[in-house]
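Asker: Coordinates in model.cif, mmCIF, C-alpha atoms, are listed below.
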data_run
#
loop_
_atom_site.label_atom_id
_atom_site.label_comp_id
_atom_site.auth_asym_id
_atom_site.auth_seq_id
_atom_site.Cartn_x
_atom_site.Cartn_y
_atom_site.Cartn_z
CA MET F 1 22.21 -30.70 49.43
CA VAL F 2 20.33 -28.22 51.63
CA LYS F 3 23.43 -26.02 51.93
CA LEU F 4 23.90 -26.14 48.17
CA LEU F 5 20.30 -25.05 47.57
CA LYS F 6 20.72 -22.17 50.01
CA ARG F 7 23.77 -20.94 48.11
CA LEU F 8 21.93 -20.85 44.79
CA PRO F 9 20.62 -17.39 43.81
CA ILE F 10 16.93 -18.27 43.84
CA LYS F 11 15.80 -14.79 42.79
CA MET F 12 18.15 -14.83 39.80
CA ILE F 13 16.96 -18.31 38.81
CA LEU F 14 13.32 -17.21 38.96
CA ALA F 15 14.13 -14.07 36.96
CA PHE F 16 15.85 -16.08 34.24
CA LEU F 17 13.01 -18.62 34.26
CA LEU F 18 10.40 -15.91 33.79
CA GLY F 19 12.52 -14.16 31.16
CA GLY F 20 12.99 -17.46 29.32
CA ILE F 21 9.26 -18.14 29.23
CA LEU F 22 8.55 -14.65 27.88
CA LEU F 23 11.38 -14.86 25.31
CA ILE F 24 10.37 -18.29 23.98
CA THR F 25 6.71 -17.24 23.85
CA PHE F 26 7.63 -14.16 21.81
CA THR F 27 9.95 -16.13 19.51
CA ASN F 28 7.21 -18.67 18.88
CA HIS F 29 4.97 -15.84 17.64
CA ASP F 30 7.54 -13.67 15.84
CA ASP F 31 6.48 -14.63 12.32
CA PHE F 32 5.66 -10.99 11.53
CA LEU F 33 9.37 -10.14 11.75
CA TYR F 34 10.21 -12.28 8.70
CA GLN F 35 9.84 -11.22 5.09
CA LYS F 36 9.80 -14.80 3.82
CA PRO F 37 6.37 -16.46 4.06
CA ILE F 38 5.98 -18.97 6.90
CA PHE F 39 3.69 -21.99 6.79
CA LYS F 40 2.30 -23.69 9.90
CA VAL F 41 1.54 -27.38 9.49
CA GLU F 42 -1.85 -28.45 10.80
CA THR F 43 -2.15 -31.95 9.33
CA ALA F 44 0.41 -34.27 7.72
CA LYS F 45 -0.70 -37.34 5.78
CA GLN F 46 1.58 -39.89 4.16
CA ILE F 47 0.54 -40.54 0.56
CA SER F 48 3.00 -43.05 -0.88
CA THR F 49 6.29 -44.88 -0.31
CA ASP F 50 8.91 -45.78 -2.91
CA LYS F 51 11.90 -48.05 -2.37
CA SER F 52 15.18 -47.32 -4.19
CA LYS F 53 18.57 -49.06 -4.36
CA ASP F 54 21.78 -47.72 -5.87
CA SER F 55 24.68 -49.55 -7.54
CA PHE F 56 26.40 -49.99 -4.16
CA GLN F 57 23.35 -51.83 -2.74
CA ASN F 58 22.42 -48.93 -0.45
CA THR F 59 18.67 -49.03 0.15
CA ASP F 60 16.57 -45.97 0.87
CA TYR F 61 12.88 -45.13 0.98
CA THR F 62 11.23 -42.02 -0.42
CA TYR F 63 7.98 -40.88 1.18
CA GLN F 64 5.39 -38.47 -0.14
CA GLN F 65 3.31 -36.56 2.37
CA ASN F 66 0.56 -34.00 2.02
CA LEU F 67 0.72 -31.04 4.40
CA THR F 68 -2.21 -28.75 5.06
CA GLY F 69 -2.09 -25.57 7.07
CA HIS F 70 -2.07 -21.81 6.82
CA ILE F 71 0.35 -18.96 6.14
CA THR F 72 1.18 -17.01 9.30
CA ASN F 73 2.66 -13.77 7.94
CA GLY F 74 2.87 -11.42 5.01
CA GLN F 75 0.32 -10.58 2.35
CA TYR F 76 -1.37 -13.98 2.48
CA LYS F 77 -1.53 -14.30 6.25
CA GLY F 78 -4.31 -16.71 7.26
CA LYS F 79 -4.55 -18.23 3.77
CA ARG F 80 -5.00 -22.01 3.90
CA ILE F 81 -2.92 -24.04 1.43
CA SER F 82 -1.91 -27.63 0.78
CA ILE F 83 1.72 -28.62 0.05
CA ASN F 84 3.18 -31.92 -1.14
CA ASN F 85 6.49 -32.77 0.51
CA SER F 86 8.95 -35.50 -0.42
CA TYR F 87 11.46 -36.88 2.10
CA THR F 88 13.71 -39.89 2.44
CA MET F 89 14.29 -42.30 5.30
CA SER F 90 17.90 -41.14 5.55
CA ARG F 91 16.80 -37.47 5.90
CA ALA F 92 20.14 -36.41 4.38
CA MET F 93 18.82 -33.52 2.28
CA ASP F 94 15.17 -33.27 3.29
CA HIS F 95 12.80 -33.29 6.25
CA LYS F 96 9.66 -34.93 7.50
CA TYR F 97 7.16 -32.43 8.87
CA TYR F 98 4.73 -32.91 11.74
CA PRO F 99 1.59 -31.02 12.83
CA GLY F 100 2.45 -27.86 14.77
CA GLN F 101 5.78 -27.25 13.05
CA LYS F 102 6.55 -24.11 11.08
CA ALA F 103 8.53 -23.89 7.85
CA PHE F 104 9.64 -21.30 5.32
CA ILE F 105 7.98 -21.68 1.94
CA ILE F 106 8.28 -20.30 -1.59
CA LEU F 107 4.98 -19.08 -3.03
CA HIS F 108 3.98 -19.66 -6.66
CA LYS F 109 1.10 -17.55 -7.96
CA SER F 110 0.69 -19.16 -11.38
CA GLY F 111 -2.56 -21.10 -11.65
CA GLY F 112 -3.66 -20.16 -8.16
CA LEU F 113 -1.69 -19.92 -4.95
CA ASN F 114 0.75 -22.82 -4.61
CA ALA F 115 3.85 -23.26 -2.51
CA THR F 116 7.03 -25.26 -2.20
CA ILE F 117 8.29 -26.03 1.26
CA LYS F 118 11.89 -24.89 1.87
CA ASP F 119 13.16 -25.51 5.41
CA TYR F 120 12.31 -25.53 9.10
CA LYS F 121 11.82 -22.35 11.08
CA ARG F 122 14.46 -23.00 13.71
CA ASP F 123 14.60 -19.79 15.72
CA VAL F 124 12.78 -21.18 18.78
CA PRO F 125 15.26 -23.99 19.65
CA ILE F 126 18.25 -21.81 18.71
CA ILE F 127 17.12 -18.92 20.91
CA PHE F 128 16.28 -21.36 23.72
CA LEU F 129 19.76 -22.95 23.67
CA ILE F 130 21.51 -19.57 23.56
CA TYR F 131 19.40 -18.25 26.42
CA LEU F 132 19.93 -21.44 28.46
CA ALA F 133 23.71 -21.20 28.03
CA ILE F 134 23.72 -17.53 29.07
CA ALA F 135 21.46 -18.24 32.05
CA LEU F 136 23.63 -21.09 33.33
CA LEU F 137 26.80 -19.00 32.96
CA CYS F 138 25.29 -16.08 34.87
CA ILE F 139 23.68 -18.23 37.60
CA PHE F 140 26.65 -20.41 38.46
CA LEU F 141 29.56 -18.13 37.53
CA LYS F 142 27.86 -14.76 38.22
CA PHE F 143 30.18 -11.92 37.17
CA SER F 144 32.63 -14.31 35.48
CA GLY F 145 29.76 -15.71 33.44
CA ILE F 146 28.68 -12.23 32.40
CA THR F 147 32.20 -11.37 31.25
CA ALA F 148 32.40 -14.66 29.32
CA VAL F 149 29.17 -13.83 27.49
CA GLY F 150 30.48 -10.33 26.79
CA SER F 151 33.71 -11.67 25.28
CA ILE F 152 31.74 -14.07 23.06
CA ILE F 153 29.56 -11.23 21.78
CA ILE F 154 32.56 -8.98 21.07
CA ASN F 155 34.48 -11.78 19.31
CA THR F 156 31.43 -12.68 17.23
CA ILE F 157 31.14 -9.08 16.02
CA LEU F 158 34.86 -9.02 15.22
CA PHE F 159 34.63 -12.33 13.35
CA ILE F 160 31.70 -11.13 11.24
CA PHE F 161 33.60 -7.94 10.45
CA ALA F 162 36.67 -9.98 9.41
CA ILE F 163 34.56 -12.14 7.09
CA TYR F 164 33.03 -9.01 5.55
CA LEU F 165 36.50 -7.51 5.11
CA ASP F 166 37.74 -10.73 3.49
CA GLY F 167 34.82 -10.69 1.07
CA PHE F 168 35.41 -7.03 0.27
CA ASN F 169 39.03 -7.88 -0.66
CA ASN F 170 37.96 -10.98 -2.65
CA GLY F 171 40.03 -13.19 -0.38
CA ASN F 172 43.34 -11.59 -1.38
CA ASN F 173 44.49 -10.85 2.18
CA VAL F 174 42.70 -13.59 4.09
CA LEU F 175 45.82 -14.76 5.95
CA ILE F 176 46.76 -11.24 7.07
CA ILE F 177 43.19 -10.39 8.09
CA PHE F 178 42.67 -13.49 10.21
CA SER F 179 46.18 -13.39 11.69
CA ILE F 180 45.44 -9.88 13.00
CA LEU F 181 42.01 -11.11 14.08
CA ALA F 182 43.59 -13.96 16.06
CA ALA F 183 45.76 -11.48 18.00
CA ILE F 184 42.74 -9.25 18.65
CA PHE F 185 40.70 -12.29 19.72
CA SER F 186 43.35 -13.19 22.28
CA ALA F 187 43.71 -9.68 23.66
CA VAL F 188 39.96 -9.01 23.91
CA THR F 189 39.12 -12.38 25.46
CA LEU F 190 41.87 -12.25 28.07
CA LEU F 191 41.26 -8.58 28.86
CA VAL F 192 37.55 -9.18 29.46
CA ILE F 193 37.96 -12.47 31.35
CA ILE F 194 41.14 -11.85 33.38
CA GLY F 195 41.33 -8.08 33.44
CA HIS F 196 44.11 -5.55 32.90
CA ASN F 197 46.91 -7.04 34.97
CA ARG F 198 50.22 -8.88 34.81
CA GLN F 199 48.57 -12.29 34.54
CA MET F 200 46.66 -11.18 31.46
CA TYR F 201 49.81 -10.02 29.67
CA VAL F 202 51.71 -13.21 30.53
CA THR F 203 48.82 -15.34 29.23
CA LEU F 204 48.57 -13.24 26.06
CA ALA F 205 52.30 -13.54 25.42
CA SER F 206 52.24 -17.31 25.93
CA THR F 207 49.24 -17.73 23.64
CA LEU F 208 50.67 -15.68 20.79
CA ILE F 209 54.19 -17.10 21.06
CA CYS F 210 53.05 -20.73 21.02
CA THR F 211 50.58 -20.16 18.19
CA VAL F 212 53.19 -18.40 16.04
CA ILE F 213 55.84 -21.07 16.69
CA SER F 214 53.42 -23.92 15.88
CA ILE F 215 52.45 -22.28 12.58
CA ILE F 216 56.09 -21.58 11.66
CA LEU F 217 57.10 -25.18 12.41
CA SER F 218 54.20 -26.40 10.31
CA LEU F 219 55.21 -24.20 7.38
CA ILE F 220 58.75 -25.55 7.62
CA VAL F 221 57.42 -29.10 7.47
CA PHE F 222 55.19 -28.15 4.53
CA LYS F 223 58.26 -26.75 2.76
CA PHE F 224 60.38 -29.87 3.12
CA THR F 225 57.55 -32.33 2.38
CA HIS F 226 56.15 -30.26 -0.52
CA GLU F 227 52.75 -30.52 1.23
CA LYS F 228 52.28 -34.15 0.18
CA GLY F 229 49.19 -35.67 1.71
CA ILE F 230 47.43 -32.32 2.12
CA PHE F 231 44.46 -32.30 -0.21
CA TYR F 232 43.28 -28.73 -0.59
CA GLU F 233 40.85 -29.92 -3.28
CA SER F 234 38.70 -31.35 -0.48
CA MET F 235 37.75 -27.71 0.27
CA GLN F 236 35.41 -27.99 -2.67
CA TYR F 237 33.02 -25.20 -1.72
CA VAL F 238 35.72 -22.54 -1.34
CA THR F 239 35.59 -19.78 -3.97
CA GLN F 240 39.00 -18.31 -3.11
CA PRO F 241 42.56 -19.75 -2.89
CA PRO F 242 42.26 -22.65 -0.42
CA ARG F 243 45.77 -22.70 1.05
CA PRO F 244 45.66 -19.24 2.73
CA LEU F 245 42.14 -19.98 3.97
CA PHE F 246 43.30 -23.30 5.41
CA LEU F 247 46.17 -21.60 7.22
CA ALA F 248 43.85 -18.88 8.53
CA SER F 249 41.41 -21.44 9.95
CA THR F 250 44.35 -23.35 11.45
CA ILE F 251 45.56 -20.20 13.22
CA ILE F 252 42.13 -19.59 14.74
CA GLY F 253 41.74 -23.21 15.82
CA SER F 254 45.23 -23.49 17.29
CA LEU F 255 44.78 -20.19 19.10
CA GLY F 256 41.78 -21.47 21.04
CA ALA F 257 43.53 -24.62 22.20
CA VAL F 258 46.73 -22.82 23.21
CA MET F 259 44.82 -20.07 25.02
CA ASP F 260 42.86 -22.65 27.00
CA GLU F 261 45.96 -24.43 28.24
CA SER F 262 47.98 -21.27 28.85
CA THR F 263 45.17 -19.78 30.91
CA ASP F 264 44.88 -22.90 33.08
CA ILE F 265 48.62 -23.15 33.72
CA ILE F 266 49.28 -19.46 34.32
CA SER F 267 46.25 -18.84 36.54
CA SER F 268 47.24 -21.82 38.71
CA LEU F 269 50.84 -20.65 38.98
CA PHE F 270 49.86 -17.08 39.84
CA ALA F 271 47.57 -18.40 42.59
CA LEU F 272 50.43 -20.58 43.84
CA LYS F 273 52.77 -17.58 43.90
CA MET F 274 50.28 -15.54 45.93
CA GLU F 275 49.84 -18.34 48.48
CA ARG F 276 53.56 -19.13 48.69
CA PRO F 277 55.53 -15.94 47.97
CA GLN F 278 58.81 -17.63 48.87
CA ILE F 279 58.55 -20.21 46.09
CA SER F 280 61.50 -20.11 43.68
CA LYS F 281 61.35 -19.60 39.94
CA LYS F 282 62.53 -23.14 39.35
CA GLN F 283 59.73 -24.53 41.53
CA ILE F 284 57.19 -22.42 39.63
CA PHE F 285 58.49 -23.78 36.33
CA LEU F 286 58.36 -27.38 37.54
CA SER F 287 54.86 -26.89 38.95
CA GLY F 288 53.70 -25.47 35.63
CA ARG F 289 55.19 -28.42 33.79
CA ASN F 290 53.34 -30.85 36.08
CA ILE F 291 50.06 -28.98 35.58
CA GLY F 292 50.60 -29.00 31.82
CA LYS F 293 51.23 -32.74 31.81
CA THR F 294 47.91 -33.26 33.59
CA ILE F 295 45.75 -31.19 31.23
CA MET F 296 47.62 -31.81 27.97
CA GLY F 297 46.19 -35.28 27.35
CA PRO F 298 42.50 -34.41 27.89
CA LEU F 299 42.83 -31.23 25.82
CA ILE F 300 44.36 -33.06 22.85
CA ASN F 301 41.62 -35.68 23.11
CA VAL F 302 38.96 -32.96 23.10
CA LEU F 303 40.41 -31.65 19.82
CA PHE F 304 40.39 -35.18 18.43
CA PHE F 305 36.74 -35.74 19.43
CA ILE F 306 35.70 -32.44 17.83
CA PHE F 307 37.58 -33.38 14.68
CA MET F 308 35.97 -36.84 14.55
CA GLY F 309 32.50 -35.42 15.14
CA GLU F 310 32.88 -32.91 12.29
CA THR F 311 34.17 -35.40 9.73
CA LEU F 312 32.15 -38.52 10.62
CA PRO F 313 28.99 -37.83 8.53
CA MET F 314 30.81 -37.12 5.26
CA THR F 315 33.27 -39.96 5.82
CA LEU F 316 30.43 -42.46 6.26
CA LEU F 317 28.74 -41.06 3.15
CA PHE F 318 31.91 -41.54 1.10
CA LEU F 319 32.36 -45.11 2.39
CA LYS F 320 28.72 -46.03 1.71
CA ASN F 321 29.18 -44.92 -1.90
CA GLY F 322 31.98 -47.37 -2.62
CA ASN F 323 35.01 -45.17 -1.91
CA SER F 324 38.08 -46.67 -0.28
CA TRP F 325 39.22 -45.82 3.23
CA GLY F 326 42.25 -44.01 1.83
CA TYR F 327 40.23 -41.79 -0.51
CA SER F 328 37.56 -41.13 2.14
CA PHE F 329 40.26 -40.12 4.63
CA SER F 330 42.02 -37.90 2.09
CA MET F 331 38.88 -36.02 1.07
CA ASN F 332 37.35 -35.61 4.53
CA MET F 333 39.83 -36.14 7.34
CA SER F 334 43.26 -35.14 6.05
CA LEU F 335 42.94 -31.37 6.52
CA GLY F 336 41.26 -31.72 9.90
CA MET F 337 43.93 -34.15 11.05
CA VAL F 338 46.67 -31.71 10.00
CA GLN F 339 44.94 -28.90 11.88
CA SER F 340 44.65 -31.10 14.97
CA LEU F 341 48.36 -31.95 14.80
CA ILE F 342 49.31 -28.28 14.48
CA SER F 343 47.10 -27.45 17.47
CA GLY F 344 48.73 -30.35 19.33
CA ILE F 345 52.14 -28.79 18.69
CA GLY F 346 50.89 -25.52 20.16
CA ILE F 347 49.49 -27.35 23.20
CA VAL F 348 52.82 -29.08 23.87
CA LEU F 349 54.75 -25.81 23.44
CA ALA F 350 52.41 -24.00 25.82
CA ILE F 351 53.64 -26.05 28.77
CA PRO F 352 57.28 -24.84 28.88
CA VAL F 353 56.49 -21.38 27.48
CA ALA F 354 53.68 -20.60 29.94
CA SER F 355 55.69 -22.03 32.85
CA ALA F 356 58.81 -20.09 31.93
CA LEU F 357 57.01 -16.78 31.44
CA THR F 358 55.19 -17.15 34.75
CA SER F 359 58.39 -18.01 36.61
CA LEU F 360 59.99 -14.84 35.20
CA PHE F 361 57.16 -12.35 35.65
CA ALA F 362 54.97 -13.60 38.53
CA LYS F 363 55.30 -11.56 41.72
CA GLU F 364 53.83 -12.07 45.16
CA ASN F 365 50.66 -10.11 46.00
CA GLN F 366 50.24 -9.13 42.36
CA LYS F 367 47.97 -10.82 39.84
#
Show this structure as structure tokens.
Answerer:
Amino acid sequence: MVKLLKRLPIKMILAFLLGGILLITFTNHDDFLYQKPIFKVETAKQISTDKSKDSFQNTDYTYQQNLTGHITNGQYKGKRISINNSYTMSRAMDHKYYPGQKAFIILHKSGGLNATIKDYKRDVPIIFLIYLAIALLCIFLKFSGITAVGSIIINTILFIFAIYLDGFNNGNNVLIIFSILAAIFSAVTLLVIIGHNRQMYVTLASTLICTVISIILSLIVFKFTHEKGIFYESMQYVTQPPRPLFLASTIIGSLGAVMDESTDIISSLFALKMERPQISKKQIFLSGRNIGKTIMGPLINVLFFIFMGETLPMTLLFLKNGNSWGYSFSMNMSLGMVQSLISGIGIVLAIPVASALTSLFAKENQK
């Protein structure tokens, strides 16, 4: 334990700690940066409680609370107001507010100054979590952590630009836009993380090849099955053709899973080649296959857990409102399950493809 503490960059930890305190303090007092009026709750009193029950015997309670406080920004800064807020026990579409919290409000000037509460001001916890993630990456991974953060920032900018471009084209070229974006994502991420070397190109080739093959195989299956069991109508909030958008999101999701596995396999094999230059191509391929077998199961399970976590709330809501398991699955889980299966195909393909490419192109004393 003592040796571990000595290895930790104490100065960097203290610098991040001080920076975090200053950043959170500023964020907690940054109301002047917002154009929307912000209300700080000083007191919260519960006024009444109403019990309700629907036709499916689901019971909920509706609470009325009176909030008093003051506006913290804008024209009416410092003005004290009182707001009535309604929330339910389930908290599905509303919130209970406590003293000390801040919320965005909508002001009404008719008959005096009144307001309607809109939503939490969430910038403090969001900024804290982002800063904590960056700090941990930089402290424990040092330069590798910095490059990881840099790749995330670059990819976020590219993703926002792609969404803007899709909106500008009214969704007509969504599949082309996000297919190109997926290739750029791969190249940028691997170039920043691994660097400009042979290993990077092998990993990029494996990622793109496996992603393309998994999508092509899926389209072939869609063709022969006439896409039965795929309910695009569950994408009910989409204002553009759902099928291309579904395929675009599948490409992005599959890309991440395939890149993860390809990177693990290829980096391990390149390290093995550097340590044992005499190793044959066949041995490299077999070693890659063994590595892939080890990480394939956990990676597929991670995708499954993410899928279950995303669909669980809406699935429970459908079931609680009298819908059958089949209908609830079709409207909430079917598309996610298909995407997980397509990603699983890419994960399985990455094992032989990454192993074969490494066995062909890996050289001793060269990354």
Asker: Apply the PyMOL selection byres ((chain F and resi 57-61) around 9) to the displayed file and report the matching residues as a CSV table (one decimal) with C-alpha atoms, in the coordinates of the input.
Answerer:
chain,number,residue,atom,x,y,z
F,49,THR,CA,6.3,-44.9,-0.3
F,50,ASP,CA,8.9,-45.8,-2.9
F,51,LYS,CA,11.9,-48.0,-2.4
F,52,SER,CA,15.2,-47.3,-4.2
F,53,LYS,CA,18.6,-49.1,-4.4
F,54,ASP,CA,21.8,-47.7,-5.9
F,55,SER,CA,24.7,-49.6,-7.5
F,56,PHE,CA,26.4,-50.0,-4.2
F,62,THR,CA,11.2,-42.0,-0.4
F,63,TYR,CA,8.0,-40.9,1.2
F,87,TYR,CA,11.5,-36.9,2.1
F,88,THR,CA,13.7,-39.9,2.4
F,89,MET,CA,14.3,-42.3,5.3
F,90,SER,CA,17.9,-41.1,5.6
F,320,LYS,CA,28.7,-46.0,1.7
F,321,ASN,CA,29.2,-44.9,-1.9
Asker: Let me make sure I understand: among F:Pro244, F:Phe140, F:Ala115, F:Ala103, which one has the smallest atom-to-atom distance to Ile13 in chain F if we use all atoms listed in the file?
Answerer: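 Of F:Pro244, F:Phe140, F:Ala115, F:Ala103, the one nearest Ile13 in chain F, counting all atoms listed in the file, is F:Phe140.
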Asker: Would you mind listing what lies within 12 Å of Leu204 in chain F as number ranges by chain, with only C-alpha atoms counted and same-chain residues fewer than 5 positions away left out?
Answerer: F: 182-191, 193-199, 209-211, 255-256, 258-263, 266, 350, 353-354, 357-358
Asker: Just C-alpha atoms for this one: save the residues we selected as a PDB file, in the coordinates of the input.
Answerer:
ATOM      1  CA  ALA F 182      43.590 -13.960  16.060  1.00  0.00           C
ATOM      2  CA  ALA F 183      45.760 -11.480  18.000  1.00  0.00           C
ATOM      3  CA  ILE F 184      42.740  -9.250  18.650  1.00  0.00           C
ATOM      4  CA  PHE F 185      40.700 -12.290  19.720  1.00  0.00           C
ATOM      5  CA  SER F 186      43.350 -13.190  22.280  1.00  0.00           C
ATOM      6  CA  ALA F 187      43.710  -9.680  23.660  1.00  0.00           C
ATOM      7  CA  VAL F 188      39.960  -9.010  23.910  1.00  0.00           C
ATOM      8  CA  THR F 189      39.120 -12.380  25.460  1.00  0.00           C
ATOM      9  CA  LEU F 190      41.870 -12.250  28.070  1.00  0.00           C
ATOM     10  CA  LEU F 191      41.260  -8.580  28.860  1.00  0.00           C
ATOM     11  CA  ILE F 193      37.960 -12.470  31.350  1.00  0.00           C
ATOM     12  CA  ILE F 194      41.140 -11.850  33.380  1.00  0.00           C
ATOM     13  CA  GLY F 195      41.330  -8.080  33.440  1.00  0.00           C
ATOM     14  CA  HIS F 196      44.110  -5.550  32.900  1.00  0.00           C
ATOM     15  CA  ASN F 197      46.910  -7.040  34.970  1.00  0.00           C
ATOM     16  CA  ARG F 198      50.220  -8.880  34.810  1.00  0.00           C
ATOM     17  CA  GLN F 199      48.570 -12.290  34.540  1.00  0.00           C
ATOM     18  CA  ILE F 209      54.190 -17.100  21.060  1.00  0.00           C
ATOM     19  CA  CYS F 210      53.050 -20.730  21.020  1.00  0.00           C
ATOM     20  CA  THR F 211      50.580 -20.160  18.190  1.00  0.00           C
ATOM     21  CA  LEU F 255      44.780 -20.190  19.100  1.00  0.00           C
ATOM     22  CA  GLY F 256      41.780 -21.470  21.040  1.00  0.00           C
ATOM     23  CA  VAL F 258      46.730 -22.820  23.210  1.00  0.00           C
ATOM     24  CA  MET F 259      44.820 -20.070  25.020  1.00  0.00           C
ATOM     25  CA  ASP F 260      42.860 -22.650  27.000  1.00  0.00           C
ATOM     26  CA  GLU F 261      45.960 -24.430  28.240  1.00  0.00           C
ATOM     27  CA  SER F 262      47.980 -21.270  28.850  1.00  0.00           C
ATOM     28  CA  THR F 263      45.170 -19.780  30.910  1.00  0.00           C
ATOM     29  CA  ILE F 266      49.280 -19.460  34.320  1.00  0.00           C
ATOM     30  CA  ALA F 350      52.410 -24.000  25.820  1.00  0.00           C
ATOM     31  CA  VAL F 353      56.490 -21.380  27.480  1.00  0.00           C
ATOM     32  CA  ALA F 354      53.680 -20.600  29.940  1.00  0.00           C
ATOM     33  CA  LEU F 357      57.010 -16.780  31.440  1.00  0.00           C
ATOM     34  CA  THR F 358      55.190 -17.150  34.750  1.00  0.00           C
TER      35      THR F 358
END
Asker: Go through F:Ala15, F:Ile106, F:Val174, F:Leu360 one by one, measure the shortest atom-to-atom distance of each to Ala135 in chain F using all atoms listed in the file, and give the residue with the smallest value.
Answerer: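 Comparing F:Ala15, F:Ile106, F:Val174, F:Leu360 against Ala135 in chain F, the winner is F:Ala15.
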Asker: Using only C-alpha atoms, which residues sit within 7 Å of range 66-69 of chain F once same-chain residues fewer than 6 positions away are excluded, as a count of residues only?
Answerer: 15
Asker: Please check which residues have atoms at most 9 Å from (13.0, -20.3, 14.6) in the file's coordinates, counting all atoms listed in the file, and write them as a list of chain:residue names.
Answerer: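 Residues found, by chain and rising number: F:Thr27, F:Asn28, F:Asp30, F:Asp31, F:Lys102, F:Ala103, F:Tyr120, F:Lys121, F:Arg122, F:Asp123, F:Val124, F:Pro125, F:Ile126, F:Ile127.
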Asker: I want to know what sits within 12 Å of Gly336 in chain F, based on only C-alpha atoms, with residues of the same chain fewer than 2 positions away left out; could you give that as an NGL selection string?
Answerer: :F and (230-232 or 234-235 or 246-247 or 249-250 or 253-254 or 303-312 or 329-334 or 338-343)
Asker: Report, in Å with one decimal, the straight-line distance from CA of Thr156 in chain F to CA of Val192 in chain F.
Answerer: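 About the pair CA of Thr156 in chain F and CA of Val192 in chain F: they are 14.1 Å apart.
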Asker: Interatomic distance between CA of Ile177 in chain F and CA of Ile160 in chain F?
Answerer: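 Straight-line distance from CA of Ile177 in chain F to CA of Ile160 in chain F works out to 11.9 Å.
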Asker: Between CA of Phe104 in chain F and CA of Ile24 in chain F, what distance in Å does the model show, to one decimal?
Answerer: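 The value is 18.9 Å.
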Asker: Measuring between all atoms listed in the file, which one of F:Lys223, F:Lys96, F:His108, F:Lys363 shows the shortest distance to Pro277 in chain F?
Answerer: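 The shortest atom-to-atom distance to Pro277 in chain F comes from F:Lys363.
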Asker: Set the distance at 9 Å and use all atoms listed in the file: which residues neighbour Asp264 in chain F once local chain neighbours fewer than 5 positions away are removed? I'd like the list as a list in words.
Answerer: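 Final neighbour list, sorted by chain and number: Met259, Leu269, Ile291, Gly292 and Ile295 of chain F.
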Asker: Please evaluate the PyMOL selection byres ((chain F and resi 73) around 7) against the displayed coordinates and give the resulting residues as a short mmCIF file (atom, residue, chain, number, x, y, z; two decimals) with C-alpha atoms, keeping the file's coordinate frame.
Answerer:
data_model
loop_
_atom_site.label_atom_id
_atom_site.label_comp_id
_atom_site.auth_asym_id
_atom_site.auth_seq_id
_atom_site.Cartn_x
_atom_site.Cartn_y
_atom_site.Cartn_z
CA ASP F 31 6.48 -14.63 12.32
CA PHE F 32 5.66 -10.99 11.53
CA PRO F 37 6.37 -16.46 4.06
CA ILE F 38 5.98 -18.97 6.90
CA ILE F 71 0.35 -18.96 6.14
CA THR F 72 1.18 -17.01 9.30
CA GLY F 74 2.87 -11.42 5.01
CA GLN F 75 0.32 -10.58 2.35
CA TYR F 76 -1.37 -13.98 2.48
CA LYS F 77 -1.53 -14.30 6.25
#
Asker: Step by step, gather every atom of range 171-179 of chain F that the file lists, find the box along x, y and z that holds them, add 3 Å on each side, and finally give centre and edge lengths in Å to one decimal, as AutoDock Vina command-line options.
Answerer:
--center_x 43.4 --center_y -12.6 --center_z 5.2 --size_x 12.7 --size_y 10.4 --size_z 19.1
